[in-house]
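The next block holds one structure in the form of structure tokens; read it before the comments.
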Amino acid sequence: MEGKRLKIAVLSGAGISAESGIQTFRDSDGLWENYRVEDVCTPEALERNPELVIGFYNQRLAQVLKAQPNSAHRALVRLEEKYEVDIITQNIDDLHERAGSTRVLHLHGDIRKKRSQADPLDIRDIEPLAQGIRMGDLDRFGMQYRPHIVFFGEAVPNIEPASRLVEAADIVVIIGTSLQVYPAAGLMYYAAPDAPIYYIDPKADEAKGLDKRVVCIAEKAGKGVPEWVDRMLDSAR
Ligand code: NAD
């Protein structure tokens, strides 16, 4: 009889999508595609200049639609052969879903969706996706739809279910994140005391103040993740 499958919580950040051609923010001198974050990723920016903010996210959407999942996204799908896998991603792209991962929780929103500014429960698919959100696309209150993105300074509604998934995990793996964006960076502290934690990021060795049990794998995701997944699948046999 097959034993109970172990649970793995995967915490992924912008670095896992870097080799798919989607730039990270912190690796580019604080500029994200030539924009300052305060000009495009804050509630104040949306209020001040909705056209600029919506235009910026429409460009991000166009870039995501052109990108393809890479070997790291695909390896995490294979992990489901032997484990119960929950992916908790800071990314707004859908590359985990397109690779085939079945359980993906987005902490910072989803670039394929738009949200009412008056009713946070009114979240819809952008249609047609290729066009992005149009200026003048209004909700039932007559307000402009905004990107379904958590801006800097806004609450992260999915942090609660995410922390429960990490708490319940037997193994935690952190991939491609600088661990500087809170509250996402605090999630690993919910790990059970006996749960091993792996950290795969080319700068993993430079991280300061990490829990002693964290095993750092200083590799790009495209190489480090498939190798780690192979080891995990071998050890589950
Ligand atoms: P971040 O703070 O998580 O930093 C990026 C990390 O990726 C760094 O630690 C870097 O060493 C690592 N990295 C770079 N190349 C890598 C590779 N090939 N393999 C593995 N790791 C690699 O994230 P950020 O870029 O500062 O972004 C801040 C926030 O902006 C994110 O939390 C996210 O919400 C959003 N963002 C999303 C996307 C996306 O959806 N793809 C892209 C950029 C930013």
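As shown in the structure tokens, the chain order sets the letters A, B, ...; within each chain, residues go from 1, and ligands are also counted from 1 in the order they appear.
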Practice problem: Pick out each residue of region 57-118 of chain A that DSSP on the backbone tags as strand (DSSP E or B); I need them as a PyMOL selection string. | Solution: chain A and resi 84-89+104-106+109-115
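By chain and then residue number, the residues within 9 Å of region 213-223 of chain A are Gly15, Ile16, Ser17, Ala18, Glu19, Asn70, Ser71, Ala72, His73, Ile175, Gly176, Ala195, Pro196, Ile197, Tyr198, Tyr199, Ile200, Asp201, Pro202, Lys203, Ala204, Asp205, Leu210, Asp211, Val225, Pro226, Glu227 and Trp228 of chain A, counting only C-alpha atoms and disregarding those fewer than 2 positions away in sequence.
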If you keep N, CA, C and O atoms, can you produce a file of those selected residues as a short mmCIF file (atom, residue, chain, number, x, y, z; two decimals), in the first residue's frame?
data_model
loop_
_atom_site.label_atom_id
_atom_site.label_comp_id
_atom_site.auth_asym_id
_atom_site.auth_seq_id
_atom_site.Cartn_x
_atom_site.Cartn_y
_atom_site.Cartn_z
N GLY A 15 12.68 35.55 -9.66
CA GLY A 15 13.84 34.87 -10.24
C GLY A 15 13.49 33.61 -11.01
O GLY A 15 14.19 33.25 -11.96
N ILE A 16 12.39 32.94 -10.66
CA ILE A 16 12.07 31.69 -11.37
C ILE A 16 11.63 31.99 -12.80
O ILE A 16 11.76 31.15 -13.68
N SER A 17 11.15 33.21 -13.05
CA SER A 17 10.70 33.55 -14.40
C SER A 17 11.75 34.32 -15.20
O SER A 17 11.53 34.65 -16.36
N ALA A 18 12.90 34.59 -14.56
CA ALA A 18 13.93 35.39 -15.23
C ALA A 18 14.41 34.71 -16.52
O ALA A 18 14.57 35.36 -17.56
N GLU A 19 14.61 33.39 -16.46
CA GLU A 19 15.10 32.68 -17.65
C GLU A 19 14.00 32.48 -18.71
O GLU A 19 14.27 31.97 -19.79
N ASN A 70 9.84 27.83 -18.17
CA ASN A 70 11.18 27.28 -18.38
C ASN A 70 11.34 25.96 -17.61
O ASN A 70 10.38 25.46 -17.01
N SER A 71 12.57 25.43 -17.62
CA SER A 71 12.78 24.09 -17.05
C SER A 71 12.47 24.06 -15.54
O SER A 71 12.14 23.00 -15.01
N ALA A 72 12.56 25.20 -14.86
CA ALA A 72 12.26 25.21 -13.42
C ALA A 72 10.75 25.07 -13.20
O ALA A 72 10.30 24.25 -12.37
N HIS A 73 9.95 25.84 -13.95
CA HIS A 73 8.48 25.69 -13.83
C HIS A 73 8.08 24.25 -14.15
O HIS A 73 7.27 23.64 -13.45
N ILE A 175 12.42 29.66 -4.05
CA ILE A 175 13.11 29.72 -5.34
C ILE A 175 13.06 31.14 -5.92
O ILE A 175 11.97 31.72 -6.08
N GLY A 176 14.24 31.72 -6.23
CA GLY A 176 14.29 32.96 -6.99
C GLY A 176 13.64 34.15 -6.32
O GLY A 176 12.91 34.89 -6.98
N ALA A 195 10.80 20.79 9.61
CA ALA A 195 10.69 20.77 8.15
C ALA A 195 11.98 21.30 7.52
O ALA A 195 12.40 22.42 7.84
N PRO A 196 12.62 20.51 6.64
CA PRO A 196 13.80 21.05 5.96
C PRO A 196 13.40 22.21 5.05
O PRO A 196 12.30 22.22 4.49
N ILE A 197 14.31 23.20 4.93
CA ILE A 197 14.05 24.35 4.05
C ILE A 197 15.20 24.46 3.06
O ILE A 197 16.38 24.50 3.46
N TYR A 198 14.90 24.50 1.77
CA TYR A 198 15.91 24.67 0.72
C TYR A 198 15.70 26.05 0.09
O TYR A 198 14.57 26.52 -0.02
N TYR A 199 16.82 26.68 -0.34
CA TYR A 199 16.74 28.01 -0.93
C TYR A 199 17.57 28.01 -2.21
O TYR A 199 18.79 27.91 -2.16
N ILE A 200 16.89 28.08 -3.36
CA ILE A 200 17.57 28.02 -4.66
C ILE A 200 17.52 29.41 -5.31
O ILE A 200 16.45 29.88 -5.70
N ASP A 201 18.69 30.05 -5.39
CA ASP A 201 18.77 31.41 -5.94
C ASP A 201 20.26 31.67 -6.17
O ASP A 201 21.08 31.31 -5.32
N PRO A 202 20.64 32.28 -7.31
CA PRO A 202 22.08 32.49 -7.54
C PRO A 202 22.75 33.29 -6.42
O PRO A 202 23.95 33.16 -6.20
N LYS A 203 21.96 34.08 -5.68
CA LYS A 203 22.54 34.86 -4.59
C LYS A 203 22.22 34.27 -3.22
O LYS A 203 22.31 34.97 -2.20
N ALA A 204 21.83 33.00 -3.18
CA ALA A 204 21.39 32.39 -1.91
C ALA A 204 22.48 32.50 -0.84
O ALA A 204 22.18 32.75 0.34
N ASP A 205 23.76 32.33 -1.24
CA ASP A 205 24.84 32.35 -0.25
C ASP A 205 25.04 33.72 0.40
O ASP A 205 25.64 33.84 1.46
N LEU A 210 19.61 34.06 7.82
CA LEU A 210 18.72 32.93 7.56
C LEU A 210 18.78 31.92 8.70
O LEU A 210 19.84 31.75 9.32
N ASP A 211 17.69 31.24 8.94
CA ASP A 211 17.63 30.14 9.88
C ASP A 211 18.76 29.14 9.54
O ASP A 211 19.04 28.89 8.37
N VAL A 225 16.68 24.00 -9.98
CA VAL A 225 15.37 23.40 -9.63
C VAL A 225 15.22 21.99 -10.21
O VAL A 225 14.88 21.06 -9.47
N PRO A 226 15.49 21.78 -11.53
CA PRO A 226 15.37 20.40 -12.03
C PRO A 226 16.27 19.43 -11.27
O PRO A 226 15.87 18.29 -10.97
N GLU A 227 17.49 19.86 -10.92
CA GLU A 227 18.39 18.95 -10.18
C GLU A 227 17.82 18.63 -8.80
O GLU A 227 17.85 17.49 -8.35
N TRP A 228 17.31 19.65 -8.13
CA TRP A 228 16.73 19.44 -6.79
C TRP A 228 15.50 18.53 -6.88
O TRP A 228 15.33 17.63 -6.07
#
Exercise. Give the answer as one residue: which of A:Pro147, A:Gly13, A:Gly132, A:Gly3 has the shortest atom-to-atom distance to ligand 1, using only C-alpha atoms and all ligand atoms?
Key: A:Gly13
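Nearest to Asp94 (chain A) of all the residues A:Phe151, A:Ser20, A:Val53, A:Arg115 is A:Ser20, based on only C-alpha atoms.
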Self-check item: atom 22 (C, counted along the ligand's line) of ligand 1 to CA of Met188 (chain A), distance in Å rounded to a single decimal
Solution: 17.9 Å
